[in-house]
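What follows is one structure encoded as structure tokens, with my remarks underneath.
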Amino acid sequence: MQETHRYKLPIAELFTILELNTIDYESPTTSCHTVKINSGNQYVGINAFVRKTHQTAVYTFASGRQLHCSTQHIIFDRNIPTLISKCNGVDIFDGEYDNLVGIEPHTDTIVYDVALDAPHKYITPNGIIHHNTTLAKVLLNELEVNKLDILQINASNENNVDTIRNKITNFSSTMPFGDMKYVLLDECLDEDTLVIVKRKDNETLLKIKDLDETGDLVKSFNVEENRIEWKTFKLFDKGIQETLEIEFENGEVVICTPDHKWYVEGEDGNNLVVKASELHEYAHILTP
């Protein structure tokens with residue numbers, strides 16, 4: 001019978017115990033040991049572990065709590081997953097809220113995170129509620145994808161359609177080390193968003209949460225050939241995320257994450273890819 005122990009450990013010490021402290025992982029890795037973490041009302045299993053170098057800062061809160069973490073670490077600000085660098089405060093276990101009062105920037109530091117199932121929450125001993133690491137990377141890791149077969153594009157910084165297209169074209173033109181190649185972009189739509197799909201040869205509108213990836217085809221636009229195509233797809237549940245509600249002049253409303261990408265026309269007439277949070281800087285979006 002497996003013996004269970006409960007500890008309060010610095011996360012670096014946990015990685016040492018699990019023998020995960022010798023390599024900087026650019027994507028999550030698993031452990032042969034079963035580890036669970038406090039999610040508030042129960043202990044939930046850790047699916048994968050992340051260790052990498054990242055820009056960090058020390059965040060100080062009104063209660064005196066401090067958190068030294070990546071500037072890209074996600075916490076919950078009034079129940080909304082938020083980058084700590086953009087938060088006003090953090091949610092604390094038992095319903096408390098702690099206002100942010102100070103930030104002290106640091107240089108690049110080794111940071112650690114874990115990956116959990118939805119709702120992706122875990123609690124540290126200081127009571128702060130945290131959001132776990134990027135789910136898409138975990139899925140690629142669980143599929144045992146060779147790192148050389150993954151192209152990760154920081155789409156928040158890449159705003160030119162031609163630049164992104166050229167990167168993907170060059171990447172896909174070489175032979176994969178495994179069965180296929182993968183391009184990782186981080187963006188989401190609300191589960192109730194309607195999309196055009198073809199199901200059993202019939203074109204229909206369905207909510208994303210109701211799609212069947214084993215049989216449905218999604219209506220897609222081929223930028224290279226300037227034509228509409230029907231494509232297969234994979235669904236990824238990324239749990240609770242901060243979202244924006246975008247309303248267009250025709251009355252249509254789309255709910256998506258701030259980093260979700262849209263095509264717009266730039267000042268020079270070229271097509272750009274911009275984040276949803278940047279749409280207010282442009283007059284309209286592009287459609288086929």
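Following the order of the structure tokens, chains are lettered A, B, ..., residues in each are numbered from 1, and ligands are numbered from 1.
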
For segment 259-261 of chain A, find every residue with an atom within 6 Å (counting only C-alpha atoms), except residues of its own chain fewer than 5 positions away, and show them as a list in words.
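Neighbouring residues, sequence-local ones excluded: Glu187, Cys188, Val274, Lys275 and Ala276 of chain A.
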
Based on the selection just made, write N, CA and C atoms of those residues as a PDB file, in the first residue's frame.
ATOM      1  N   GLU A 187      -4.119  31.233 -27.711  1.00  0.00           N
ATOM      2  CA  GLU A 187      -5.275  32.102 -27.831  1.00  0.00           C
ATOM      3  C   GLU A 187      -6.537  31.284 -27.584  1.00  0.00           C
ATOM      4  N   CYS A 188      -7.643  31.942 -27.225  1.00  0.00           N
ATOM      5  CA  CYS A 188      -8.868  31.213 -26.866  1.00  0.00           C
ATOM      6  C   CYS A 188     -10.112  32.010 -27.213  1.00  0.00           C
ATOM      7  N   VAL A 274      -3.208  41.148 -34.920  1.00  0.00           N
ATOM      8  CA  VAL A 274      -3.099  41.879 -33.656  1.00  0.00           C
ATOM      9  C   VAL A 274      -3.911  41.172 -32.573  1.00  0.00           C
ATOM     10  N   LYS A 275      -3.584  41.480 -31.339  1.00  0.00           N
ATOM     11  CA  LYS A 275      -4.307  40.926 -30.203  1.00  0.00           C
ATOM     12  C   LYS A 275      -5.666  41.615 -30.046  1.00  0.00           C
ATOM     13  N   ALA A 276      -6.605  40.899 -29.437  1.00  0.00           N
ATOM     14  CA  ALA A 276      -7.929  41.476 -29.180  1.00  0.00           C
ATOM     15  C   ALA A 276      -7.816  42.757 -28.359  1.00  0.00           C
TER      16      ALA A 276
END

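For the residues A:Ile80, A:Leu20, A:Ile128, A:Leu206, ranking by smallest atom-to-atom distance to Gly40 of chain A using only C-alpha atoms places A:Ile128 first.
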
Might you pull out every residue within 10 Å of Phe76 of chain A, with only C-alpha atoms counted and same-chain residues fewer than 5 positions away left off, and present them as a list in words?
Pro81, Thr82, Leu83, Ile84, Cys87, Gly89, Val90, Asp91, Ile92, Tyr97, Lys121, Ile128, Ile129, His130, His131, Gln241 and Glu242 of chain A

For Gly45 of chain A, which of A:Ala115, A:Ala12, A:Cys256, A:Val195 is the closest residue, counting only C-alpha atoms?
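Nearest to Gly45 of chain A: A:Ala115.
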
Among listed residues A:Thr22, A:Ser63, A:Asn226, A:Thr287, nearest Glu96 of chain A (using only C-alpha atoms):
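Counting only C-alpha atoms, the residue closest to Glu96 of chain A is A:Ser63.
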
Smallest atom-to-atom distance to Asp192 of chain A: which of A:Val254, A:His54, A:Cys69, A:Asn166, using only C-alpha atoms?
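Of A:Val254, A:His54, A:Cys69, A:Asn166, the one nearest Asp192 of chain A is A:Val254, counting only C-alpha atoms.
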
Mind the document's chain letters and residue numbers, and return as a ChimeraX atom specification the residues of segment 25-80 of chain A that DSSP labels strand (DSSP E or B).
/A:29,36-38,43-45,48-61,66-70,74-77,80

Selection to disk with N, CA and C atoms, as a CSV table (one decimal), in the first residue's frame:
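Result saved to again-v4.csv:
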chain,number,residue,atom,x,y,z
A,29,THR,N,7.6,18.6,-18.1
A,29,THR,CA,8.0,17.2,-18.0
A,29,THR,C,7.2,16.5,-16.9
A,36,LYS,N,0.5,15.5,-5.4
A,36,LYS,CA,-0.7,16.3,-5.4
A,36,LYS,C,-0.5,17.6,-4.7
A,37,ILE,N,-1.2,18.6,-5.1
A,37,ILE,CA,-1.0,19.9,-4.5
A,37,ILE,C,-2.4,20.5,-4.0
A,38,ASN,N,-2.3,21.3,-3.0
A,38,ASN,CA,-3.5,21.9,-2.4
A,38,ASN,C,-4.2,22.8,-3.4
A,43,TYR,N,-6.8,18.0,-2.6
A,43,TYR,CA,-5.5,17.9,-3.2
A,43,TYR,C,-5.7,17.3,-4.6
A,44,VAL,N,-5.1,17.9,-5.6
A,44,VAL,CA,-5.3,17.5,-7.0
A,44,VAL,C,-3.9,17.1,-7.5
A,45,GLY,N,-3.9,16.1,-8.5
A,45,GLY,CA,-2.7,15.6,-9.1
A,45,GLY,C,-2.0,16.6,-10.0
A,48,ALA,N,2.3,17.8,-14.8
A,48,ALA,CA,3.6,18.1,-15.3
A,48,ALA,C,4.3,19.2,-14.5
A,49,PHE,N,5.6,19.3,-14.7
A,49,PHE,CA,6.4,20.3,-14.0
A,49,PHE,C,7.2,21.1,-15.0
A,50,VAL,N,7.4,22.4,-14.7
A,50,VAL,CA,8.1,23.3,-15.5
A,50,VAL,C,9.2,24.0,-14.7
A,51,ARG,N,10.4,24.1,-15.3
A,51,ARG,CA,11.5,24.8,-14.7
A,51,ARG,C,12.2,25.5,-15.8
A,52,LYS,N,12.3,26.8,-15.7
A,52,LYS,CA,13.0,27.6,-16.8
A,52,LYS,C,13.4,29.0,-16.2
A,53,THR,N,14.2,29.7,-17.0
A,53,THR,CA,14.7,31.0,-16.6
A,53,THR,C,13.8,32.0,-17.2
A,54,HIS,N,13.4,33.0,-16.3
A,54,HIS,CA,12.5,34.0,-16.8
A,54,HIS,C,12.7,35.3,-16.0
A,55,GLN,N,12.3,36.4,-16.6
A,55,GLN,CA,12.4,37.7,-15.8
A,55,GLN,C,11.4,37.7,-14.7
A,56,THR,N,11.9,38.1,-13.5
A,56,THR,CA,11.1,38.0,-12.3
A,56,THR,C,11.0,39.4,-11.6
A,57,ALA,N,10.1,39.4,-10.6
A,57,ALA,CA,10.0,40.6,-9.7
A,57,ALA,C,9.5,40.1,-8.4
A,58,VAL,N,9.7,41.0,-7.3
A,58,VAL,CA,9.1,40.7,-6.0
A,58,VAL,C,7.9,41.6,-5.9
A,59,TYR,N,6.7,41.0,-5.7
A,59,TYR,CA,5.4,41.7,-5.6
A,59,TYR,C,5.1,41.7,-4.1
A,60,THR,N,4.8,42.9,-3.6
A,60,THR,CA,4.4,43.1,-2.2
A,60,THR,C,3.0,43.5,-2.1
A,61,PHE,N,2.3,42.9,-1.1
A,61,PHE,CA,0.8,43.2,-0.9
A,61,PHE,C,0.6,43.9,0.4
A,66,GLN,N,4.6,38.7,0.3
A,66,GLN,CA,5.4,38.9,-0.8
A,66,GLN,C,5.5,37.7,-1.7
A,67,LEU,N,5.6,37.9,-3.0
A,67,LEU,CA,5.7,36.8,-3.9
A,67,LEU,C,6.8,37.1,-5.0
A,68,HIS,N,7.8,36.3,-5.0
A,68,HIS,CA,8.9,36.4,-6.0
A,68,HIS,C,8.6,35.4,-7.1
A,69,CYS,N,8.3,36.0,-8.2
A,69,CYS,CA,7.8,35.1,-9.3
A,69,CYS,C,8.1,35.7,-10.7
A,70,SER,N,7.8,34.9,-11.7
A,70,SER,CA,7.9,35.4,-13.1
A,70,SER,C,6.9,36.6,-13.3
A,74,ILE,N,0.6,33.8,-13.5
A,74,ILE,CA,-0.8,34.1,-13.5
A,74,ILE,C,-1.4,33.8,-12.1
A,75,ILE,N,-2.1,34.8,-11.6
A,75,ILE,CA,-2.8,34.7,-10.3
A,75,ILE,C,-4.3,35.0,-10.6
A,76,PHE,N,-5.1,35.0,-9.5
A,76,PHE,CA,-6.5,35.3,-9.7
A,76,PHE,C,-6.7,36.7,-9.0
A,77,ASP,N,-7.2,37.6,-9.8
A,77,ASP,CA,-7.5,39.0,-9.3
A,77,ASP,C,-9.0,39.1,-9.4
A,80,ILE,N,-10.5,36.5,-11.6
A,80,ILE,CA,-10.2,36.5,-13.0
A,80,ILE,C,-8.7,36.2,-13.1

With distances taken over only C-alpha atoms, which residue among A:Val273, A:Leu189, A:Leu100, A:Leu9 lies nearest Lys209 of chain A?
A:Leu189

Who sits within 10 Å of Gly215 of chain A, only C-alpha atoms, same chain under 2 positions skipped, as a PyMOL selection string
chain A and resi 198-200+211-213+217+232-233

Just list the residues in segment 68-127 of chain A DSSP gives helix (DSSP H, G or I) on the backbone, as a ChimeraX atom specification.
/A:84-86,93-95

Report the distance between atom CA of Cys32 of chain A and atom CA of Leu18 of chain A in Å, rounded to one decimal place.
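Atom CA of Leu18 of chain A lies 8.4 Å from atom CA of Cys32 of chain A.
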
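Nearest to Thr257 of chain A of all the residues A:Thr16, A:Ser85, A:Thr243, A:Thr109 is A:Thr243, counting only C-alpha atoms.
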
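Note that the spacing between atom CA of Glu265 of chain A and atom CA of Ile196 of chain A amounts to 23.7 Å.
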
Kindly give the distance, in Å, that separates atom CA of Asp216 of chain A and atom CA of Met180 of chain A, rounded to a single decimal.
21.4 Å
